[in-house]
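Asker: Sharing a structure, written as structure tokens. Questions coming.
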Amino acid sequence: MPDYPPGQVLRFRVQIDHDRDLGDWSKCDGLSVEFEVKEYQEGGVNDYVHKLPGRVKYQNIKLTRVLNQDSSKVATWLSSLQRDVSRKTAEIAALDSTGETIATWSLQGVYPLKWTGPSFDVGSNSTATETLELVHNGFLKS
């Protein structure tokens, strides 16, 4: 494989509770945090509005990849949760073309929201993909 600059050819490795590897993913959306702001208009203060910190909101993580041998790892994990959906920790690591870790994000309170498998159509030239959507309660402190 040719040498690419770091960050140019990325994939994302996902692990649940440091012991369940869900494999590599080609797309990761939702690594974001938003702080709500509450505005308070104080009587007699006309030159500005107080902006107070509110709640923190975390977007769901949406992982996508081409169907491969790691797809069975997701199916196994999901089937283990059928009787007991409990919140876990997760680590998402961005890897470069050589497999070296560029950055990691550790999440708390993780559980699966939705898994979408491929649609099979022999008349189509599209690639079979799967998507896993995870809910979380925020980032873990380092």
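By order of appearance in the structure tokens: chains A, B, ..., then residues from 1 within every chain, and ligands from 1 in the order shown.
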Extract, using only C-alpha atoms, all DNA, RNA and protein residues at most 9 Å from Glu133 of chain A, discarding same-chain residues fewer than 5 positions from it, and format them as a PyMOL selection string.
Answerer: chain A and resi 60-64+111-116
Asker: Produce a file of the selected residues containing N, CA and C atoms, as a PDB file, in the first residue's frame.
Answerer:
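Generated output (out_29.pdb):
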```pdb
ATOM      1  N   ASN A  60     -25.685  11.024  18.541  1.00  0.00           N
ATOM      2  CA  ASN A  60     -25.476   9.587  18.373  1.00  0.00           C
ATOM      3  C   ASN A  60     -24.309   9.357  17.415  1.00  0.00           C
ATOM      4  N   ILE A  61     -23.591   8.267  17.646  1.00  0.00           N
ATOM      5  CA  ILE A  61     -22.475   7.881  16.774  1.00  0.00           C
ATOM      6  C   ILE A  61     -23.012   6.931  15.723  1.00  0.00           C
ATOM      7  N   LYS A  62     -22.734   7.223  14.458  1.00  0.00           N
ATOM      8  CA  LYS A  62     -23.210   6.391  13.356  1.00  0.00           C
ATOM      9  C   LYS A  62     -21.992   5.849  12.605  1.00  0.00           C
ATOM     10  N   LEU A  63     -21.824   4.531  12.643  1.00  0.00           N
ATOM     11  CA  LEU A  63     -20.695   3.860  12.005  1.00  0.00           C
ATOM     12  C   LEU A  63     -21.176   3.120  10.767  1.00  0.00           C
ATOM     13  N   THR A  64     -20.399   3.207   9.687  1.00  0.00           N
ATOM     14  CA  THR A  64     -20.776   2.565   8.434  1.00  0.00           C
ATOM     15  C   THR A  64     -19.559   1.856   7.849  1.00  0.00           C
ATOM     16  N   TYR A 111     -24.813   2.177  24.313  1.00  0.00           N
ATOM     17  CA  TYR A 111     -25.613   1.008  23.945  1.00  0.00           C
ATOM     18  C   TYR A 111     -26.092   1.195  22.507  1.00  0.00           C
ATOM     19  N   PRO A 112     -26.399   0.107  21.820  1.00  0.00           N
ATOM     20  CA  PRO A 112     -26.811   0.222  20.418  1.00  0.00           C
ATOM     21  C   PRO A 112     -28.230   0.761  20.299  1.00  0.00           C
ATOM     22  N   LEU A 113     -28.409   1.692  19.397  1.00  0.00           N
ATOM     23  CA  LEU A 113     -29.736   2.221  19.107  1.00  0.00           C
ATOM     24  C   LEU A 113     -30.331   1.502  17.901  1.00  0.00           C
ATOM     25  N   LYS A 114     -29.473   1.267  16.889  1.00  0.00           N
ATOM     26  CA  LYS A 114     -30.010   0.713  15.645  1.00  0.00           C
ATOM     27  C   LYS A 114     -28.886   0.070  14.839  1.00  0.00           C
ATOM     28  N   TRP A 115     -29.189  -1.050  14.231  1.00  0.00           N
ATOM     29  CA  TRP A 115     -28.295  -1.680  13.259  1.00  0.00           C
ATOM     30  C   TRP A 115     -29.069  -1.846  11.977  1.00  0.00           C
ATOM     31  N   THR A 116     -28.456  -1.473  10.868  1.00  0.00           N
ATOM     32  CA  THR A 116     -29.091  -1.627   9.564  1.00  0.00           C
ATOM     33  C   THR A 116     -28.172  -2.450   8.683  1.00  0.00           C
TER      34      THR A 116
END
```
Asker: Need the shell around Arg87 of chain A: protein/DNA/RNA residues with any atom at most 8 Å away, counting only C-alpha atoms. Skip same-chain ones fewer than 6 positions apart. Format as a VMD selection string?
Answerer: chain A and resid 108 to 111
Asker: For Arg13 of chain A, list every protein, DNA or RNA residue within 6 Å, evaluated using only C-alpha atoms, and leave out those in the same chain fewer than 4 positions away; present the list as a ChimeraX atom specification.
Answerer: /A:23-24,92-93
Asker: Keeping only N, CA and C atoms, write the selected residues as a CSV table (one decimal), in the first residue's frame.
Answerer:
```csv
chain,number,residue,atom,x,y,z
A,23,GLY,N,-14.4,-4.5,15.1
A,23,GLY,CA,-13.8,-4.4,13.8
A,23,GLY,C,-13.6,-2.9,13.4
A,24,ASP,N,-13.2,-2.8,12.1
A,24,ASP,CA,-12.9,-1.5,11.5
A,24,ASP,C,-14.1,-1.0,10.7
A,92,ILE,N,-13.4,4.5,20.2
A,92,ILE,CA,-13.3,4.7,18.8
A,92,ILE,C,-11.9,5.2,18.5
A,93,ALA,N,-11.1,4.5,17.7
A,93,ALA,CA,-9.8,4.9,17.4
A,93,ALA,C,-9.7,5.1,15.9
```
Asker: Quick one, how far is atom CA of Gly138 of chain A from atom CA of Gln59 of chain A?
Answerer: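 Here the two named atoms are 9.0 Å from each other.
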Asker: What does the distance from atom CA of Ala90 of chain A to atom CA of Trp105 of chain A come to in Å, to one decimal?
Answerer: 8.2 Å
Asker: Can you tell me, as a PyMOL selection string, what residues are no more than 7 Å from Thr129 of chain A when counting only C-alpha atoms, ignoring any on the same chain fewer than 4 positions away?
Answerer: chain A and resi 64-67+117-118
Asker: Deliver the residues from the most recent selection as a file, using C-alpha atoms, as a PDB file, in the first residue's frame.
Answerer:
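Resulting contents of again_18.pdb:
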```pdb
ATOM      1  CA  THR A  64     -20.776   2.565   8.434  1.00  0.00           C
ATOM      2  CA  ARG A  65     -18.732  -0.006   6.531  1.00  0.00           C
ATOM      3  CA  VAL A  66     -18.848  -2.478   3.682  1.00  0.00           C
ATOM      4  CA  LEU A  67     -20.159  -5.849   4.811  1.00  0.00           C
ATOM      5  CA  GLY A 117     -27.899  -4.430   7.344  1.00  0.00           C
ATOM      6  CA  PRO A 118     -27.469  -4.468   3.603  1.00  0.00           C
TER       7      PRO A 118
END
```
Asker: Between A:Gly30, A:Ser79, A:Leu95, A:Asp70, which has the minimum distance to Phe12 of chain A (counting only C-alpha atoms)?
Answerer: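 That would be A:Leu95, the residue with the smallest distance to Phe12 of chain A.
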Asker: Write down as a list in words the residues of segment 24-74 of chain A whose backbone DSSP state falls under helix (DSSP H, G or I).
Answerer: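 Reading the DSSP output for segment 24-74 of chain A, helix (DSSP H, G or I) covers Ser71, Ser72, Lys73 and Val74 of chain A.
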Asker: I need the residues from that last selection saved to file as a JSON list (two decimals), in the first residue's frame (with N, CA and C atoms), if you can.
Answerer:
```
[["chain", "number", "residue", "atom", "x", "y", "z"],
["A", 71, "SER", "N", -18.59, -8.30, 10.38],
["A", 71, "SER", "CA", -20.03, -8.07, 10.55],
["A", 71, "SER", "C", -20.63, -9.06, 11.54],
["A", 72, "SER", "N", -20.08, -10.26, 11.60],
["A", 72, "SER", "CA", -20.60, -11.25, 12.54],
["A", 72, "SER", "C", -20.32, -10.85, 13.98],
["A", 73, "LYS", "N", -19.26, -10.05, 14.22],
["A", 73, "LYS", "CA", -18.96, -9.58, 15.58],
["A", 73, "LYS", "C", -20.07, -8.67, 16.10],
["A", 74, "VAL", "N", -20.63, -7.85, 15.22],
["A", 74, "VAL", "CA", -21.72, -6.97, 15.60],
["A", 74, "VAL", "C", -22.97, -7.80, 15.90]]
```
Asker: Please extract the residues of chain A with a backbone DSSP assignment of strand (DSSP E) and present them as an MDAnalysis selection string.
Answerer: chainID A and resid 11:16 20:25 27:29 33:40 50:58 61:66 88:95 101:116 129:135
Asker: Tell me which protein, DNA and RNA residues are within 10 Å of His18 of chain A, counting only C-alpha atoms, leaving out same-chain ones fewer than 6 positions away, and put them as a PyMOL selection string.
Answerer: chain A and resi 88-91
Asker: Can you work out which one of A:Tyr58, A:Gly99, A:Leu10, A:Asn68 has the shortest atom-to-atom distance to Ser32 of chain A, counting only C-alpha atoms?
Answerer: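 Ranking A:Tyr58, A:Gly99, A:Leu10, A:Asn68 by distance to Ser32 of chain A, first place goes to A:Tyr58.
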Asker: Take atom CA of Arg20 of chain A and atom CA of Asp84 of chain A and report the distance between them in Å, one decimal.
Answerer: 16.2 Å
